[in-house]
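K.L.:
Hey, dropping coords-v5.txt in here, compact mmCIF, C-alpha atoms:
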```txt
# COMPACT_ATOMS: atom_id res chain seq x y z
CA MET A 1 80.72 15.11 4.95
CA ALA A 2 82.48 13.18 2.19
CA GLU A 3 85.95 14.27 1.20
CA SER A 4 86.51 14.99 -2.47
CA ALA A 5 88.32 12.22 -4.37
CA SER A 6 91.45 14.31 -4.82
CA ALA A 7 91.67 15.00 -1.08
CA ARG A 8 91.07 11.34 -0.13
CA TYR A 9 93.90 9.94 -2.25
CA ARG A 10 96.51 12.53 -1.26
CA THR A 11 99.18 11.49 1.22
CA ALA A 12 99.59 13.26 4.55
CA LEU A 13 102.81 14.84 3.25
CA GLY A 14 101.06 16.04 0.11
CA ARG A 15 98.34 17.72 2.15
CA ALA A 16 100.78 19.32 4.56
CA ARG A 17 103.25 20.55 1.92
CA GLY A 18 103.05 24.31 1.45
CA LEU A 19 100.99 24.84 4.60
CA GLY A 20 103.94 25.90 6.73
CA SER A 21 106.04 24.24 9.37
CA SER A 22 105.22 20.66 10.28
CA HIS A 23 107.41 20.82 13.37
CA HIS A 24 107.45 23.33 16.23
CA GLY A 25 107.27 26.54 14.21
CA VAL A 26 103.74 27.26 15.41
CA GLY A 27 104.81 27.09 19.04
CA HIS A 28 107.68 29.48 18.30
CA PHE A 29 105.34 31.88 16.51
CA ILE A 30 102.67 31.86 19.24
CA THR A 31 105.20 32.22 22.09
CA GLU A 32 106.83 35.13 20.27
CA ARG A 33 103.49 36.90 19.79
CA VAL A 34 102.09 36.23 23.26
CA SER A 35 105.32 37.37 24.92
CA ALA A 36 105.20 40.50 22.73
CA LEU A 37 101.62 41.19 23.91
CA ALA A 38 102.73 40.75 27.54
CA LEU A 39 105.70 43.07 26.97
CA ILE A 40 103.61 45.96 25.60
CA PRO A 41 102.19 46.98 29.03
CA LEU A 42 105.30 45.76 30.92
CA VAL A 43 107.64 47.90 28.81
CA ALA A 44 105.36 50.96 29.12
CA TRP A 45 105.40 50.46 32.91
CA GLY A 46 109.17 49.90 32.82
CA VAL A 47 109.80 53.23 31.06
CA PHE A 48 107.75 55.07 33.71
CA ALA A 49 109.63 53.19 36.42
CA ALA A 50 113.01 54.04 34.85
CA LEU A 51 112.06 57.74 34.75
CA ARG A 52 111.11 57.62 38.44
CA LEU A 53 114.25 55.73 39.44
CA ALA A 54 116.76 57.64 37.30
CA GLY A 55 117.27 60.37 39.87
CA THR A 56 117.31 58.19 43.00
CA ASP A 57 120.21 56.64 44.91
CA ILE A 58 120.57 53.01 46.03
CA HIS A 59 118.23 53.50 49.02
CA GLY A 60 115.43 54.85 46.84
CA ALA A 61 116.02 52.12 44.25
CA SER A 62 116.06 49.28 46.80
CA ALA A 63 112.94 50.64 48.55
CA TRP A 64 111.24 50.76 45.14
CA VAL A 65 112.22 47.16 44.29
CA GLY A 66 111.04 46.19 47.81
CA GLN A 67 107.45 47.08 46.92
CA PRO A 68 105.77 43.73 46.07
CA LEU A 69 104.05 45.02 42.92
CA ASN A 70 107.31 46.49 41.58
CA ALA A 71 109.28 43.31 42.37
CA VAL A 72 106.70 41.14 40.59
CA LEU A 73 106.32 43.38 37.53
CA LEU A 74 110.10 43.86 37.16
CA SER A 75 110.63 40.08 37.39
CA LEU A 76 107.90 39.49 34.81
CA LEU A 77 109.41 42.15 32.54
CA ILE A 78 112.82 40.45 32.67
CA VAL A 79 111.43 36.92 32.16
CA ALA A 80 109.07 37.92 29.32
CA ALA A 81 111.85 39.94 27.67
CA PHE A 82 114.27 37.00 27.70
CA ILE A 83 111.62 34.56 26.42
CA HIS A 84 110.87 36.99 23.58
CA LEU A 85 114.52 37.79 22.84
CA ARG A 86 115.61 34.14 22.87
CA LEU A 87 113.12 33.42 20.07
CA ALA A 88 114.01 36.61 18.21
CA ILE A 89 117.76 35.99 18.25
CA GLN A 90 117.22 32.28 17.46
CA THR A 91 115.42 33.38 14.27
CA VAL A 92 118.21 35.77 13.33
CA VAL A 93 120.85 33.04 13.82
CA GLU A 94 118.82 30.50 11.84
CA ASP A 95 118.37 33.00 9.00
CA TYR A 96 121.93 34.19 8.62
CA VAL A 97 124.36 31.63 10.10
CA TYR A 98 124.71 28.61 7.83
CA GLY A 99 127.58 26.52 9.18
CA PHE A 100 126.38 23.69 11.44
CA VAL A 101 128.98 24.22 14.17
CA ALA A 102 128.68 28.01 14.21
CA LYS A 103 124.88 27.90 14.09
CA THR A 104 124.54 25.28 16.83
CA THR A 105 127.08 27.06 19.05
CA LEU A 106 125.23 30.37 18.74
CA LEU A 107 121.81 28.78 19.32
CA VAL A 108 123.01 27.02 22.49
CA LEU A 109 124.83 30.16 23.70
CA ASN A 110 121.64 32.14 23.09
CA VAL A 111 119.66 29.79 25.34
CA PHE A 112 122.36 29.90 28.04
CA VAL A 113 122.60 33.71 28.00
CA CYS A 114 118.81 34.14 28.20
CA VAL A 115 118.29 31.58 30.98
CA LEU A 116 121.25 32.94 32.94
CA GLY A 117 120.06 36.53 32.46
CA GLY A 118 116.54 35.68 33.61
CA ALA A 119 117.72 33.69 36.62
CA ALA A 120 120.25 36.34 37.70
CA GLY A 121 117.73 39.17 37.30
CA VAL A 122 114.95 37.44 39.22
CA PHE A 123 117.33 36.30 41.98
CA ALA A 124 118.76 39.81 42.39
CA ILE A 125 115.25 41.29 42.59
CA LEU A 126 114.17 38.72 45.19
CA LYS A 127 117.32 39.36 47.24
CA VAL A 128 116.74 43.12 47.28
CA ALA A 129 113.01 42.72 47.92
CA LEU A 130 113.39 40.20 50.75
CA ILE A 131 116.57 41.20 52.59
CA GLY A 132 117.42 44.61 51.14
CA ALA A 133 120.31 45.89 49.04
CA LEU A 134 122.87 46.24 51.81
CA MET B 135 118.49 22.97 5.82
CA SER B 136 118.87 21.60 2.27
CA ASP B 137 119.89 18.13 3.52
CA THR B 138 116.33 17.64 4.82
CA SER B 139 114.61 18.52 1.54
CA ARG B 140 114.78 14.94 0.09
CA GLY B 141 114.61 16.00 -3.52
CA LEU B 142 111.95 18.68 -2.99
CA PRO B 143 112.53 22.11 -4.48
CA PRO B 144 114.98 24.20 -2.42
CA ARG B 145 113.40 25.96 0.54
CA PRO B 146 113.12 29.74 0.22
CA LEU B 147 115.87 31.77 1.86
CA SER B 148 115.26 34.93 3.85
CA PRO B 149 114.98 38.09 1.73
CA HIS B 150 118.43 39.39 0.98
CA LEU B 151 119.50 43.01 0.55
CA SER B 152 120.64 42.39 -3.02
CA VAL B 153 117.23 41.24 -4.30
CA TRP B 154 114.94 43.74 -2.56
CA ARG B 155 114.20 47.30 -3.59
CA TRP B 156 114.66 49.73 -0.71
CA HIS B 157 111.27 50.48 0.77
CA ILE B 158 109.80 51.65 4.07
CA THR B 159 108.29 48.25 4.96
CA MET B 160 111.68 46.65 4.35
CA ALA B 161 113.45 49.38 6.30
CA CYS B 162 111.06 48.75 9.20
CA SER B 163 111.74 45.02 9.05
CA ILE B 164 115.51 45.55 9.12
CA LEU B 165 115.21 48.20 11.83
CA HIS B 166 113.04 45.80 13.85
CA ARG B 167 115.75 43.13 13.71
CA GLY B 168 118.48 45.62 14.51
CA CYS B 169 116.48 46.94 17.46
CA LEU B 170 115.87 43.42 18.77
CA MET B 171 119.61 42.74 18.75
CA ALA B 172 120.19 46.03 20.58
CA LEU B 173 117.48 45.12 23.11
CA TYR B 174 119.29 41.82 23.76
CA VAL B 175 122.11 43.97 25.10
CA GLY B 176 119.53 46.22 26.77
CA ALA B 177 118.01 43.29 28.69
CA LEU B 178 121.48 42.37 29.93
CA VAL B 179 122.04 46.01 30.97
CA LEU B 180 118.79 45.81 33.00
CA VAL B 181 119.91 42.54 34.63
CA GLY B 182 123.27 44.19 35.37
CA TRP B 183 121.38 46.97 37.16
CA THR B 184 119.49 44.47 39.37
CA LEU B 185 122.76 42.64 40.15
CA ALA B 186 124.51 45.91 41.00
CA LEU B 187 121.60 46.89 43.26
CA ALA B 188 121.76 43.50 45.01
CA SER B 189 125.55 43.75 45.40
CA GLY B 190 125.54 46.85 47.58
CA PRO B 191 126.33 50.61 47.50
CA ASP B 192 129.80 50.43 45.88
CA ALA B 193 128.68 48.21 42.99
CA TYR B 194 125.55 50.31 42.51
CA ALA B 195 127.50 53.58 42.47
CA THR B 196 129.94 52.16 39.89
CA TYR B 197 127.12 50.85 37.69
CA ALA B 198 125.10 54.08 37.97
CA GLY B 199 128.29 55.94 37.03
CA LEU B 200 128.66 53.82 33.90
CA LEU B 201 125.01 54.36 32.90
CA THR B 202 125.18 58.14 33.39
CA SER B 203 128.52 58.57 31.61
CA PRO B 204 128.26 60.18 28.14
CA LEU B 205 128.67 56.78 26.43
CA GLY B 206 126.19 55.20 28.86
CA ARG B 207 123.62 57.89 28.11
CA LEU B 208 124.13 57.48 24.37
CA VAL B 209 123.55 53.71 24.72
CA LEU B 210 120.45 54.29 26.89
CA PHE B 211 119.12 56.86 24.39
CA GLY B 212 119.52 54.33 21.56
CA LEU B 213 117.91 51.61 23.67
CA THR B 214 114.96 53.92 24.40
CA PHE B 215 114.39 54.29 20.65
CA ALA B 216 114.76 50.53 20.09
CA LEU B 217 112.29 49.85 22.89
CA PHE B 218 109.64 52.24 21.57
CA PHE B 219 110.10 51.10 17.97
CA ASN B 220 109.64 47.47 18.99
CA LEU B 221 106.61 48.44 21.08
CA ALA B 222 104.98 50.06 18.04
CA TYR B 223 106.08 47.19 15.79
CA SER B 224 104.48 44.64 18.15
CA VAL B 225 101.17 46.51 17.94
CA ARG B 226 101.52 46.58 14.14
CA GLN B 227 102.21 42.84 14.09
CA ALA B 228 99.20 42.15 16.34
CA PHE B 229 97.00 43.77 13.66
CA TRP B 230 98.76 41.70 10.98
CA ASP B 231 98.06 38.54 13.01
CA ALA B 232 94.37 39.50 13.01
CA GLY B 233 94.56 39.82 9.22
CA HIS B 234 94.50 43.62 8.95
CA GLY B 235 96.94 46.17 7.60
CA PHE B 236 98.42 44.32 4.62
CA MET B 237 97.35 46.77 1.90
CA PRO B 238 100.57 48.37 0.60
CA LYS B 239 99.49 51.91 1.49
CA THR B 240 98.39 50.85 4.99
CA ALA B 241 101.62 48.90 5.56
CA ASP B 242 103.67 51.92 4.43
CA MET B 243 101.68 54.25 6.66
CA THR B 244 101.88 52.05 9.78
CA GLY B 245 105.62 51.53 9.20
CA ALA B 246 106.23 55.28 8.98
CA ALA B 247 103.96 55.77 12.02
CA ALA B 248 105.98 53.23 14.03
CA ILE B 249 109.24 55.08 13.26
CA ALA B 250 107.65 58.47 14.00
CA PHE B 251 106.15 57.21 17.27
CA ALA B 252 109.50 55.78 18.37
CA ALA B 253 111.35 59.02 17.56
CA VAL B 254 108.79 61.27 19.28
CA ALA B 255 108.38 59.01 22.34
CA THR B 256 112.17 58.75 22.77
CA VAL B 257 112.59 62.54 22.69
CA VAL B 258 109.60 63.03 25.05
CA VAL B 259 111.00 60.53 27.58
CA TRP B 260 114.44 62.18 27.56
CA VAL B 261 112.94 65.67 27.83
CA ILE B 262 110.89 64.47 30.83
CA ALA B 263 114.07 62.94 32.28
CA ALA B 264 115.86 66.28 31.85
CA PHE B 265 113.02 68.24 33.50
CA THR B 266 112.67 65.87 36.44
CA GLY B 267 116.37 66.14 37.16
CA ALA B 268 117.15 62.54 36.22
CA LEU B 269 119.90 63.64 33.80
```
Could you rewrite the structure in this file as structure tokens?
P.N.:
Amino acid sequence: MAESASARYRTALGRARGLGSSHHGVGHFITERVSALALIPLVAWGVFAALRLAGTDIHGASAWVGQPLNAVLLSLLIVAAFIHLRLAIQTVVEDYVYGFVAKTTLLVLNVFVCVLGGAAGVFAILKVALIGAL
Amino acid sequence: MSDTSRGLPPRPLSPHLSVWRWHITMACSILHRGCLMALYVGALVLVGWTLALASGPDAYATYAGLLTSPLGRLVLFGLTFALFFNLAYSVRQAFWDAGHGFMPKTADMTGAAAIAFAAVATVVVWVIAAFTGAL
């Protein structure tokens, strides 16, 4: 199939201009959407779980986290939530914080908080699931 | 930002409050962002709960006491709304990604539906919590 003359003589930049991000915006967009899709059932499950756990003491809660399915789903909920929230807050910072130092500081802090939160949550769940809360 | 434009026209900025007429789709967009920022705190509250559980009975009792205090309950109530609104908004966005729901009337309706769903679901969850003795 022959390209039209106007398409053939246009530069790569000319063709790409106006078609959106030429960097990693697509990856950001897709990760945000896929993590949102994963979070829809996980959050629904999490609300049911919270209702069940709200009235229990530490023994009930640790027995609940000790169930393999609960430990896995709760870990996935935390990890998916932090992946989603890191991208969400990154977008907010990029939109509204203009200064280079302030913006970079907040973006790096955002990554640190989300990775730390995910690691701490998953470790705590594994600890309770494998050796109990006490 | 502008230092990468190399003489091209300035890149568009995000919509600003001063140049947009107040409208339900805009309100939903702002609410969505606000809820995401609240849920950032909410995710850390959840991680705090797992850490308290892993740290033993005293830490768990203290943390549970914080969550069930009047302020803690108010925060959790707000987080419940934020969670349900974002849930509905994600479904709405999934339809947008598939290319549906952009007609102004449809977008207005789905925005209002997302807010209504979040409000009703939040109240239902807290009523259930009250009836099951969780409160």
K.L.:
Compute the set of chain A residues within 8 Å of chain B, using all atoms listed in the file, and express it as a PyMOL selection string.
P.N.:
chain A and resi 33+36-37+40+43+51+54-55+58+61-62+78+81-82+85+88-89+92+95+117-118+120-121+124-125+127-128+132-134
K.L.:
Taking all atoms listed in the file into account, name the residue in A:Ala12, A:Leu19, A:Ala129, A:Val122 that is nearest to Val79 of chain A.
P.N.:
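The shortest atom-to-atom distance to Val79 of chain A comes from A:Val122.
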K.L.:
Let me make sure I understand: among A:Phe123, A:Pro41, A:Gly18, A:Leu106, which one has the smallest atom-to-atom distance to Ala80 of chain A if we use only C-alpha atoms?
P.N.:
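Smallest distance to Ala80 of chain A is found for A:Pro41.
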K.L.:
Expressed in Å to a single decimal, how great is the separation between atom CA of Ile249 of chain B and atom CA of Phe219 of chain B?
P.N.:
6.2 Å
K.L.:
In Å, rounded to a single decimal, give me how far atom CA of Phe211 of chain B is from atom CA of Thr256 of chain B.
P.N.:
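So the two atoms, atom CA of Thr256 of chain B and atom CA of Phe211 of chain B, lie 7.4 Å apart.
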K.L.:
Give me, as a VMD selection string, all polymer residues having an atom no more than 12 Å from Lys239 of chain B, counting only C-alpha atoms and skipping those fewer than 5 positions away in the same chain.
P.N.:
chain B and resid 157 to 159 244 to 246
K.L.:
Just give me the gap between atom CA of Val93 of chain A and atom CA of Gly206 of chain B in Å, one decimal is fine.
P.N.:
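Value for the atom CA of Val93 of chain A-atom CA of Gly206 of chain B distance: 27.3 Å.
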K.L.:
Could you work out an axis-aligned box for segment 185-200 of chain B, taking every atom the file lists and adding 5 Å on each side, and report centre and edge lengths in Å to one decimal, as JSON?
P.N.:
```
{"center_x": 125.8, "center_y": 49.3, "center_z": 40.7, "size_x": 18.3, "size_y": 23.3, "size_z": 23.7}
```
